[in-house]
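A.B. asks: Once you've had a glance at the structure underneath, I'll fire off some questions.
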Amino acid sequence: MSYDSLTFIWYVLLGVLLIGYSILDGFDLGVGILHPFIAKDDRERRLVMNSIGPLWDGNEVWLVTFGGALFAAFPVAYATVFSSFYNAFFLLLTCLIGRAVSLEFRSKVKSTLWIKFWDIGFFLSSLIAAFLLGVAGGNVMAGMELGPKYVYQGGLLSQVYWYPLMVGCLTVSLFALHGGIYLYLKTEHELQARVRHAITPVFYAFASLFILVTLATWWHVPHATENIAAYPILWVVPILNALAVLNIPRAMHLGKPGYAFVTSSLAILAFATLFSVAIYPNFMLSTINADYSVTLDNARSSRATLQTMLIIAAVGLPCVLSYTVAIYWIFRGKVKLDSSSY
Amino acid sequence: MDVELLSRLQFAGTIMFHYLFPPLSIGLGLQLFLCELAYFRTGRLEWEAAARFWTRVFAVNFAMGVSTGIVMEFEFGTNWAAYSRFVGDVFGSALAAEGIFAFFLESGFLAVLVFGWDRVGPKMHLFSTLMVFLGSMFSAVWIVVANSWQQTPAGYHIVWQDVQGEMIPRAEVTDFWSMVFNPSSVDRLTHTLIGALVLGAFFVASVCSYYLLKNRHEEVAKRCLAIALPTSLVFTLLAAITGHDSAQKLVETQPAKLAAMEGHFHSSENPTGLNLFGWPDSENETVQFNVKVPYLLSLMVYNDPTKPVPALDQIPEDERPPVWLPFQTFHLMVALGMLMLAVSSLACWSWYRGSYGSKRWLLWAVALMPLAAMTANQAGWITAEVGRQPWIVYPSVQDGVQMMGLRTADGLSESVTAEQVLGSIILFGMIYSLLFAVWVFVLNNKIQHGPETAKALAEYKRHLQIDSMPEKIRRSGNPLGGDMMEEGTR
């Protein structure tokens, strides 16, 4: 296989990991964002938390593997992206730690104050993590102030302006919607009715942000549409995206929550694909001088490493998919509390 | 403050905090699997109660390990961008393999291990426990391989790349398997894993000895001790053997590190004696207050009492590691290893004689051993990592060609300022202190609560069968769930 096709395959595989992460961790971040608004008492909060109990940890592994794969396949991109987002990523790490321990520790001590503390921790860390992921995505989309030798020259504040913040809000609303549909599938009775009520406003918020961010991208990030203009077949992606978004309320209205969940997963898939199409062939566009950009070509590993990694992925991914499916199957159905619940 | 010092402090602090948890997960994983295997073979509920109890302890520890581990993966990129570009081709593939082969396996089957007690059959549950244990071992395999490659690189060459007119070097893999099986990876991996298994065995033995001291949960405690005490003895012995092997290899691969560990400054000392303890002084190149056994270092390193061991004065001055810290941590590790070996032998002997439960001093000694094991694990890693300074990637010779190394000072992120690093240190200092307090608190809660009695567990299982109708469980709140398990034994 040629060096260039290996490079392209790895770009696609990273996209797959990113999509897997956003769909899977997307719903459990969404559950965290929604939980103070829909769960009224301790039992309901526990039900909400336990709906993702056995799953969130495995979902987060997609992010870890994405990071590892980026490091291996495109080390320059990994180094540049991670050091550029120094503050944002340490805050993100704080949130990821906060989520893990809030879930793990919350129900271990029977004290109202203790439980309250971890409930707030779970909410805030889910909210901020989703927001930060969106802000980072928005910055990468718009390009950043990269100087010579891939060194980021902008400050912290040049990452915090209206466009990435808007993408951050879009991500929060998307995950909240996705998590809401997931919760609807996992709950029953009054709790489920309350989830149903919450989904409608979340959808409207998401839909308006979707329109706003689309317009803003057109205006603020002109290079985002270059690839689509060059290869008109790629119009499939935004069209699929819009259709998926519109189909979510339709499926909920038809009383098919499973179908709605598939659709919101498809919407996330389309978003992530659109993002990958828009930035290609750059990982990070330099707004100072296009020659300073981190691209697929200057960021990639050696041919031998890409090839070895492809073998590793070919052996590993089918295993991963098979036991992911098995575990989701074991924990299918409505969430119940038992002796091993949080 | 400069970025290098701060970044190193940050890495040291976060990795040492992280390393409190994975060894315990690995070691406890084995004990858990053995308990569950015993249940599977005998069908005795005491064993299931034990397995359920260790699972709860395991889950808390595992969550801490996972969340502090993600930090490590991010830090390579955030703080060590130049290093990441240099080694990405090699180090990245090991890290990605860890994700694909280890993390997914662990986290997937962890769900069944922790949440699946009442959902899957005993066979499937036992299988999941084994998979979680294997997953945690695989994880150690890949990360220690990656670390060992930095200490004794192999299977690569240096390629100079043109980056906007400037030539920048990086390491590229030429032979994947010799990268994986580099000169030190097998020795270091076995020693690391055995260190973890020692900790797990002592942890179980410690909690159970504590129960015997307090006359609580004896039916479970005695059963678990029958597994934990012999395994602790076997693994402490193996730790001594693998440690000795690792140290012998050092003289060829990293002589500077060995000389620092032993406080061996002058090559004029011929043959070389062994400092049992002391206070190394790099400035005057002596070890003060030392007790030295002549010939012994030569004997231990070469199995030949007359052959001199290379000393620090044979290393160029700007390539010498600090001496005091690796010397002390290495000696501390060895001393603790001997202490553990002694305690574990005594405990096994008195267990064999049937007098273990009545020797209170021995019960207390075993109860304290996890601290020794944990300290030894940490001390060993400090020795390994400080002893390889000033290199983050060691220089090496491949097929007769001298390959450049990478100095720690040259591995930093160019775009990150000292204020940013200091800020993240303060943030994580606070978070980790809070986490540590909470972890100790929750762990103590769990240990104080202890396992269910076999009777309570039988009762619980009977109810579970009768009331398996979902409607009823939901209506009545959670009558058979956590509450009953929490209060059942009191």
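Labeling convention for the structure tokens: chains A, B, ... as they appear, residues from 1 per chain, ligands from 1 in order of appearance.
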Set the cut-off to 6 Å and count only C-alpha atoms: what are the residues of chain B that reach chain A? Output as an NGL selection string.
C.D. replies: :B and (67 or 77-78 or 81 or 84-85 or 88-89 or 92-93 or 95-96 or 99-100 or 107-108 or 111 or 115 or 415 or 481-482)
A.B. asks: Produce a file of the selected residues containing N, CA, C and O atoms, as a PDB file, in the first residue's frame.
C.D. replies:
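This is the output file selection21.pdb:
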```
ATOM      1  N   SER B  67      -9.107   7.432  35.803  1.00  0.00           N
ATOM      2  CA  SER B  67      -9.200   8.883  35.641  1.00  0.00           C
ATOM      3  C   SER B  67      -7.845   9.563  35.771  1.00  0.00           C
ATOM      4  O   SER B  67      -7.566  10.526  35.062  1.00  0.00           O
ATOM      5  N   GLY B  77       1.538  15.219  25.321  1.00  0.00           N
ATOM      6  CA  GLY B  77       1.314  16.245  24.305  1.00  0.00           C
ATOM      7  C   GLY B  77       1.319  17.653  24.866  1.00  0.00           C
ATOM      8  O   GLY B  77       1.887  18.571  24.281  1.00  0.00           O
ATOM      9  N   THR B  78       0.683  17.843  26.028  1.00  0.00           N
ATOM     10  CA  THR B  78       0.572  19.208  26.545  1.00  0.00           C
ATOM     11  C   THR B  78       1.927  19.746  27.000  1.00  0.00           C
ATOM     12  O   THR B  78       2.287  20.867  26.672  1.00  0.00           O
ATOM     13  N   ALA B  81       5.766  18.426  24.048  1.00  0.00           N
ATOM     14  CA  ALA B  81       5.449  18.373  22.619  1.00  0.00           C
ATOM     15  C   ALA B  81       6.680  18.015  21.779  1.00  0.00           C
ATOM     16  O   ALA B  81       6.591  17.200  20.857  1.00  0.00           O
ATOM     17  N   SER B  84       7.246  14.470  22.087  1.00  0.00           N
ATOM     18  CA  SER B  84       6.223  13.713  21.368  1.00  0.00           C
ATOM     19  C   SER B  84       6.525  13.650  19.878  1.00  0.00           C
ATOM     20  O   SER B  84       6.311  12.620  19.248  1.00  0.00           O
ATOM     21  N   ARG B  85       7.021  14.759  19.325  1.00  0.00           N
ATOM     22  CA  ARG B  85       7.361  14.734  17.902  1.00  0.00           C
ATOM     23  C   ARG B  85       8.541  13.809  17.665  1.00  0.00           C
ATOM     24  O   ARG B  85       8.599  13.114  16.661  1.00  0.00           O
ATOM     25  N   GLY B  88       7.110  10.044  18.655  1.00  0.00           N
ATOM     26  CA  GLY B  88       5.749   9.637  18.298  1.00  0.00           C
ATOM     27  C   GLY B  88       5.688   8.369  17.465  1.00  0.00           C
ATOM     28  O   GLY B  88       4.856   7.489  17.691  1.00  0.00           O
ATOM     29  N   ASP B  89       6.591   8.264  16.507  1.00  0.00           N
ATOM     30  CA  ASP B  89       6.584   7.114  15.617  1.00  0.00           C
ATOM     31  C   ASP B  89       6.737   5.798  16.390  1.00  0.00           C
ATOM     32  O   ASP B  89       6.186   4.772  16.012  1.00  0.00           O
ATOM     33  N   GLY B  92       4.141   6.289  20.274  1.00  0.00           N
ATOM     34  CA  GLY B  92       2.719   6.384  19.983  1.00  0.00           C
ATOM     35  C   GLY B  92       2.110   5.033  19.659  1.00  0.00           C
ATOM     36  O   GLY B  92       1.002   4.724  20.099  1.00  0.00           O
ATOM     37  N   SER B  93       2.852   4.195  18.906  1.00  0.00           N
ATOM     38  CA  SER B  93       2.240   2.921  18.524  1.00  0.00           C
ATOM     39  C   SER B  93       2.024   2.025  19.743  1.00  0.00           C
ATOM     40  O   SER B  93       1.032   1.304  19.824  1.00  0.00           O
ATOM     41  N   LEU B  95       1.398   3.120  22.728  1.00  0.00           N
ATOM     42  CA  LEU B  95       0.284   3.715  23.462  1.00  0.00           C
ATOM     43  C   LEU B  95      -1.057   3.379  22.797  1.00  0.00           C
ATOM     44  O   LEU B  95      -2.048   3.075  23.460  1.00  0.00           O
ATOM     45  N   ALA B  96      -1.060   3.400  21.460  1.00  0.00           N
ATOM     46  CA  ALA B  96      -2.286   3.074  20.739  1.00  0.00           C
ATOM     47  C   ALA B  96      -2.624   1.598  20.914  1.00  0.00           C
ATOM     48  O   ALA B  96      -3.790   1.225  21.077  1.00  0.00           O
ATOM     49  N   GLY B  99      -4.356   1.130  24.101  1.00  0.00           N
ATOM     50  CA  GLY B  99      -5.766   1.498  24.019  1.00  0.00           C
ATOM     51  C   GLY B  99      -6.601   0.385  23.417  1.00  0.00           C
ATOM     52  O   GLY B  99      -7.616  -0.043  23.972  1.00  0.00           O
ATOM     53  N   ILE B 100      -6.133  -0.095  22.253  1.00  0.00           N
ATOM     54  CA  ILE B 100      -6.921  -1.100  21.525  1.00  0.00           C
ATOM     55  C   ILE B 100      -6.970  -2.432  22.266  1.00  0.00           C
ATOM     56  O   ILE B 100      -8.020  -3.051  22.409  1.00  0.00           O
ATOM     57  N   SER B 107     -12.215  -2.096  30.361  1.00  0.00           N
ATOM     58  CA  SER B 107     -13.390  -1.300  30.698  1.00  0.00           C
ATOM     59  C   SER B 107     -14.659  -2.033  30.316  1.00  0.00           C
ATOM     60  O   SER B 107     -15.672  -1.942  30.991  1.00  0.00           O
ATOM     61  N   GLY B 108     -14.615  -2.797  29.220  1.00  0.00           N
ATOM     62  CA  GLY B 108     -15.796  -3.550  28.807  1.00  0.00           C
ATOM     63  C   GLY B 108     -16.172  -4.593  29.836  1.00  0.00           C
ATOM     64  O   GLY B 108     -17.293  -4.626  30.345  1.00  0.00           O
ATOM     65  N   ALA B 111     -17.503  -3.706  33.385  1.00  0.00           N
ATOM     66  CA  ALA B 111     -18.942  -3.504  33.546  1.00  0.00           C
ATOM     67  C   ALA B 111     -19.603  -4.787  34.029  1.00  0.00           C
ATOM     68  O   ALA B 111     -20.422  -4.772  34.951  1.00  0.00           O
ATOM     69  N   PHE B 115     -21.107  -4.739  37.681  1.00  0.00           N
ATOM     70  CA  PHE B 115     -22.566  -4.607  37.647  1.00  0.00           C
ATOM     71  C   PHE B 115     -23.273  -5.895  37.264  1.00  0.00           C
ATOM     72  O   PHE B 115     -24.487  -5.937  37.184  1.00  0.00           O
ATOM     73  N   SER B 415       5.493  26.103  23.251  1.00  0.00           N
ATOM     74  CA  SER B 415       4.491  27.156  23.370  1.00  0.00           C
ATOM     75  C   SER B 415       3.959  27.320  24.788  1.00  0.00           C
ATOM     76  O   SER B 415       3.134  28.178  25.044  1.00  0.00           O
ATOM     77  N   GLY B 481     -31.747  -4.288  47.146  1.00  0.00           N
ATOM     78  CA  GLY B 481     -30.511  -3.847  46.525  1.00  0.00           C
ATOM     79  C   GLY B 481     -29.508  -3.355  47.533  1.00  0.00           C
ATOM     80  O   GLY B 481     -29.326  -3.951  48.583  1.00  0.00           O
ATOM     81  N   GLY B 482     -28.879  -2.234  47.189  1.00  0.00           N
ATOM     82  CA  GLY B 482     -27.770  -1.704  47.966  1.00  0.00           C
ATOM     83  C   GLY B 482     -28.050  -1.640  49.458  1.00  0.00           C
ATOM     84  O   GLY B 482     -27.211  -2.008  50.258  1.00  0.00           O
TER      85      GLY B 482
END
```
A.B. asks: So which residues touch A:Ala198 within 9 Å, counting only C-alpha atoms, skipping near sequence neighbours fewer than 2 positions away, as a list in words?
C.D. replies: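 The contact residues come out as Leu34, Phe37, Ile38, Leu177, Gly180, Ala193, Arg194, Val195, Arg196, Thr200, Pro201, Val202 and Phe203 of chain A.
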A.B. asks: Just want the 7 Å neighbourhood of stretch 26-29 of chain B, counted on only C-alpha atoms, with same-chain residues fewer than 6 positions away dropped. Output as a PDB file with N, CA, C and O atoms, in the first residue's frame.
C.D. replies:
```pdb
ATOM      1  N   PHE B  58     -12.167  -3.167  44.437  1.00  0.00           N
ATOM      2  CA  PHE B  58     -11.520  -3.073  43.132  1.00  0.00           C
ATOM      3  C   PHE B  58     -12.113  -1.933  42.311  1.00  0.00           C
ATOM      4  O   PHE B  58     -11.391  -1.159  41.681  1.00  0.00           O
ATOM      5  N   PHE B 133      -8.586  -8.776  34.625  1.00  0.00           N
ATOM      6  CA  PHE B 133      -7.235  -8.988  35.143  1.00  0.00           C
ATOM      7  C   PHE B 133      -6.221  -8.995  33.997  1.00  0.00           C
ATOM      8  O   PHE B 133      -5.208  -8.298  34.037  1.00  0.00           O
ATOM      9  N   SER B 136      -5.684  -5.542  32.556  1.00  0.00           N
ATOM     10  CA  SER B 136      -4.815  -4.656  33.327  1.00  0.00           C
ATOM     11  C   SER B 136      -3.352  -5.074  33.153  1.00  0.00           C
ATOM     12  O   SER B 136      -2.453  -4.238  33.158  1.00  0.00           O
ATOM     13  N   MET B 137      -3.118  -6.384  32.963  1.00  0.00           N
ATOM     14  CA  MET B 137      -1.741  -6.829  32.695  1.00  0.00           C
ATOM     15  C   MET B 137      -1.271  -6.330  31.328  1.00  0.00           C
ATOM     16  O   MET B 137      -0.147  -5.847  31.181  1.00  0.00           O
ATOM     17  N   ALA B 196       3.428  -5.450  41.390  1.00  0.00           N
ATOM     18  CA  ALA B 196       1.988  -5.218  41.530  1.00  0.00           C
ATOM     19  C   ALA B 196       1.314  -6.415  42.200  1.00  0.00           C
ATOM     20  O   ALA B 196       0.436  -6.250  43.061  1.00  0.00           O
ATOM     21  N   LEU B 197       1.726  -7.623  41.828  1.00  0.00           N
ATOM     22  CA  LEU B 197       1.104  -8.814  42.414  1.00  0.00           C
ATOM     23  C   LEU B 197       1.442  -8.938  43.899  1.00  0.00           C
ATOM     24  O   LEU B 197       0.612  -9.379  44.701  1.00  0.00           O
ATOM     25  N   VAL B 198       2.653  -8.509  44.276  1.00  0.00           N
ATOM     26  CA  VAL B 198       3.025  -8.485  45.690  1.00  0.00           C
ATOM     27  C   VAL B 198       2.076  -7.565  46.447  1.00  0.00           C
ATOM     28  O   VAL B 198       1.517  -7.923  47.496  1.00  0.00           O
ATOM     29  N   LEU B 199       1.866  -6.374  45.886  1.00  0.00           N
ATOM     30  CA  LEU B 199       0.987  -5.410  46.558  1.00  0.00           C
ATOM     31  C   LEU B 199      -0.416  -5.978  46.731  1.00  0.00           C
ATOM     32  O   LEU B 199      -1.007  -5.881  47.806  1.00  0.00           O
ATOM     33  N   GLY B 200      -0.956  -6.590  45.658  1.00  0.00           N
ATOM     34  CA  GLY B 200      -2.310  -7.150  45.748  1.00  0.00           C
ATOM     35  C   GLY B 200      -2.419  -8.219  46.823  1.00  0.00           C
ATOM     36  O   GLY B 200      -3.357  -8.229  47.620  1.00  0.00           O
ATOM     37  N   ALA B 201      -1.421  -9.113  46.863  1.00  0.00           N
ATOM     38  CA  ALA B 201      -1.456 -10.194  47.848  1.00  0.00           C
ATOM     39  C   ALA B 201      -1.385  -9.628  49.263  1.00  0.00           C
ATOM     40  O   ALA B 201      -2.150 -10.028  50.152  1.00  0.00           O
TER      41      ALA B 201
END
```
A.B. asks: Which residues, written as a compact mmCIF listing (two decimals) with C-alpha atoms, in the first residue's frame, have at least one atom at most 10 Å from B:Ile15, with only C-alpha atoms counted and residues fewer than 3 positions away on the same chain left out?
C.D. replies:
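This is the output file around.txt:
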```
# COMPACT_ATOMS: atom_id res chain seq x y z
CA LEU B 9 7.71 18.13 38.94
CA GLN B 10 4.28 17.97 37.39
CA PHE B 11 5.03 14.74 35.58
CA ALA B 12 6.57 13.20 38.69
CA HIS B 18 -1.47 7.57 39.24
CA TYR B 19 0.85 4.74 40.23
CA LEU B 20 -0.89 4.32 43.56
CA THR B 68 -5.65 9.67 36.73
CA GLY B 69 -4.34 7.66 33.76
CA VAL B 71 -4.01 12.73 32.56
CA MET B 72 -0.79 10.92 31.72
CA GLN B 378 7.10 3.96 44.02
CA TRP B 381 10.15 3.80 39.70
```
A.B. asks: For a quick check of understanding, using only C-alpha atoms, which of B:Phe21, B:Phe181, B:Trp80, B:Tyr39 has the smallest distance to B:Val3?
C.D. replies: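 Closest to B:Val3, using only C-alpha atoms: B:Trp80.
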A.B. asks: Run DSSP on the backbone of this structure and report the residues of stretch 104-140 of chain A it assigns to alpha helix (DSSP H), as a count of residues only.
C.D. replies: 31
A.B. asks: Apply DSSP to the backbone of this structure and, from stretch 235-459 of chain B, keep only the residues in strand (DSSP E or B); write these as a list in words.
C.D. replies: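 Taking stretch 235-459 of chain B and keeping strand (DSSP E or B) only, one gets Leu274, Asn275, Leu276, Phe277, Gly278, Trp279, Pro280, Asp281, Thr286, Val287, Gln288, Phe289, Asn290, Val291, Lys292, Val293, Trp391, Ile392, Val393, Ser396, Val397, Gln398, Val401, Gln402, Met403, Leu406 and Arg407 of chain B.
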A.B. asks: Go ahead and compute the interatomic distance for atom CA of B:Gly243 and atom CA of B:Ala372, in Å to one decimal.
C.D. replies: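 Between atom CA of B:Gly243 and atom CA of B:Ala372 the gap is 16.3 Å.
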A.B. asks: Skip B:Gly278 itself and residues of its chain fewer than 3 positions away, then list as a VMD selection string all residues within 7 Å of it, counting only C-alpha atoms.
C.D. replies: chain B and resid 275 287 to 291
A.B. asks: If you keep all heavy atoms, can you produce a file of those selected residues as a compact mmCIF listing (two decimals), in the first residue's frame?
C.D. replies:
```
# COMPACT_ATOMS: atom_id res chain seq x y z
N ASN B 275 27.80 -0.46 48.92
CA ASN B 275 27.34 0.38 50.03
C ASN B 275 26.02 -0.16 50.55
O ASN B 275 25.02 -0.16 49.84
CB ASN B 275 27.10 1.81 49.53
CG ASN B 275 28.40 2.53 49.29
OD1 ASN B 275 29.26 2.59 50.16
ND2 ASN B 275 28.55 3.07 48.09
N VAL B 287 30.48 8.86 49.55
CA VAL B 287 29.28 8.45 50.27
C VAL B 287 29.62 8.51 51.75
O VAL B 287 30.49 7.79 52.24
CB VAL B 287 28.85 7.03 49.88
CG1 VAL B 287 27.57 6.65 50.61
CG2 VAL B 287 28.67 6.92 48.38
N GLN B 288 28.94 9.44 52.47
CA GLN B 288 29.23 9.59 53.89
C GLN B 288 28.43 8.58 54.72
O GLN B 288 27.39 8.10 54.28
CB GLN B 288 28.89 11.02 54.33
CG GLN B 288 29.88 12.00 53.73
CD GLN B 288 29.42 13.43 53.82
OE1 GLN B 288 28.28 13.70 54.12
NE2 GLN B 288 30.33 14.34 53.56
N PHE B 289 28.93 8.37 55.93
CA PHE B 289 28.27 7.47 56.91
C PHE B 289 27.98 6.10 56.30
O PHE B 289 26.96 5.49 56.62
CB PHE B 289 26.96 8.06 57.43
CG PHE B 289 27.02 9.51 57.74
CD1 PHE B 289 26.32 10.44 56.99
CD2 PHE B 289 27.81 9.96 58.80
CE1 PHE B 289 26.39 11.78 57.28
CE2 PHE B 289 27.89 11.31 59.10
CZ PHE B 289 27.18 12.24 58.33
N ASN B 290 28.79 5.65 55.38
CA ASN B 290 28.42 4.41 54.70
C ASN B 290 29.01 3.18 55.36
O ASN B 290 30.02 3.24 56.07
CB ASN B 290 28.85 4.45 53.24
CG ASN B 290 30.35 4.53 53.09
OD1 ASN B 290 31.01 5.05 53.98
ND2 ASN B 290 30.86 4.03 52.01
N VAL B 291 28.33 2.07 55.16
CA VAL B 291 28.89 0.78 55.55
C VAL B 291 29.09 0.02 54.26
O VAL B 291 28.16 -0.16 53.48
CB VAL B 291 27.92 0.03 56.47
CG1 VAL B 291 28.40 -1.40 56.67
CG2 VAL B 291 27.79 0.75 57.79
```
A.B. asks: Report the distance between atom CA of B:Leu406 and atom CA of B:Pro390 in Å, rounded to one decimal place.
C.D. replies: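 That distance, rounded to one decimal, is 8.7 Å.
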A.B. asks: Do a neighbour search on B:Glu218 at 12 Å with only C-alpha atoms, toss out local chain neighbours closer than 3 positions, and write the hits as an mmCIF file with C-alpha atoms, in the first residue's frame.
C.D. replies:
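So the final result, stored in selection.cif, reads:
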```cif
data_model
loop_
_atom_site.group_PDB
_atom_site.id
_atom_site.type_symbol
_atom_site.label_atom_id
_atom_site.label_comp_id
_atom_site.auth_asym_id
_atom_site.auth_seq_id
_atom_site.Cartn_x
_atom_site.Cartn_y
_atom_site.Cartn_z
ATOM 1 C CA GLU B 46 -18.202 -17.597 51.599
ATOM 2 C CA ALA B 50 -15.357 -12.597 49.381
ATOM 3 C CA VAL B 207 -7.379 -6.476 55.355
ATOM 4 C CA CYS B 208 -8.030 -10.072 56.415
ATOM 5 C CA SER B 209 -5.455 -9.926 59.217
ATOM 6 C CA TYR B 210 -7.132 -6.757 60.414
ATOM 7 C CA TYR B 211 -10.460 -8.628 60.518
ATOM 8 C CA LEU B 212 -8.861 -11.386 62.568
ATOM 9 C CA LEU B 213 -7.482 -8.798 64.978
ATOM 10 C CA LYS B 214 -10.972 -7.345 65.380
ATOM 11 C CA ASN B 215 -12.697 -10.737 65.397
ATOM 12 C CA ALA B 221 -10.948 -13.621 56.161
ATOM 13 C CA LYS B 222 -9.470 -17.052 56.840
ATOM 14 C CA ARG B 223 -10.359 -18.293 53.384
ATOM 15 C CA CYS B 224 -8.797 -15.305 51.654
ATOM 16 C CA LEU B 225 -5.651 -15.561 53.777
ATOM 17 C CA GLY B 357 -4.559 -16.087 64.177
ATOM 18 C CA GLY B 450 -16.599 -5.782 55.111
ATOM 19 C CA PRO B 451 -18.050 -8.737 53.212
ATOM 20 C CA GLU B 452 -21.509 -10.181 53.739
ATOM 21 C CA THR B 453 -21.887 -13.375 55.686
ATOM 22 C CA ALA B 454 -22.674 -16.441 53.631
#
```
A.B. asks: Residues at most 12 Å from A:Leu240, counting only C-alpha atoms, excluding those fewer than 4 positions away in the same chain, as a VMD selection string?
C.D. replies: chain A and resid 234 to 236 244 to 247 263 to 271 273 to 274
A.B. asks: Atom CA of B:Phe327 and atom CA of B:Gly263 are how many Å apart?
C.D. replies: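 The value is 6.1 Å.
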A.B. asks: I'd like to know which of A:Val31, A:Ala290, A:Met166, A:Ala314 is closest to B:Gln164, using only C-alpha atoms.
C.D. replies: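 The shortest atom-to-atom distance to B:Gln164 comes from A:Ala290.
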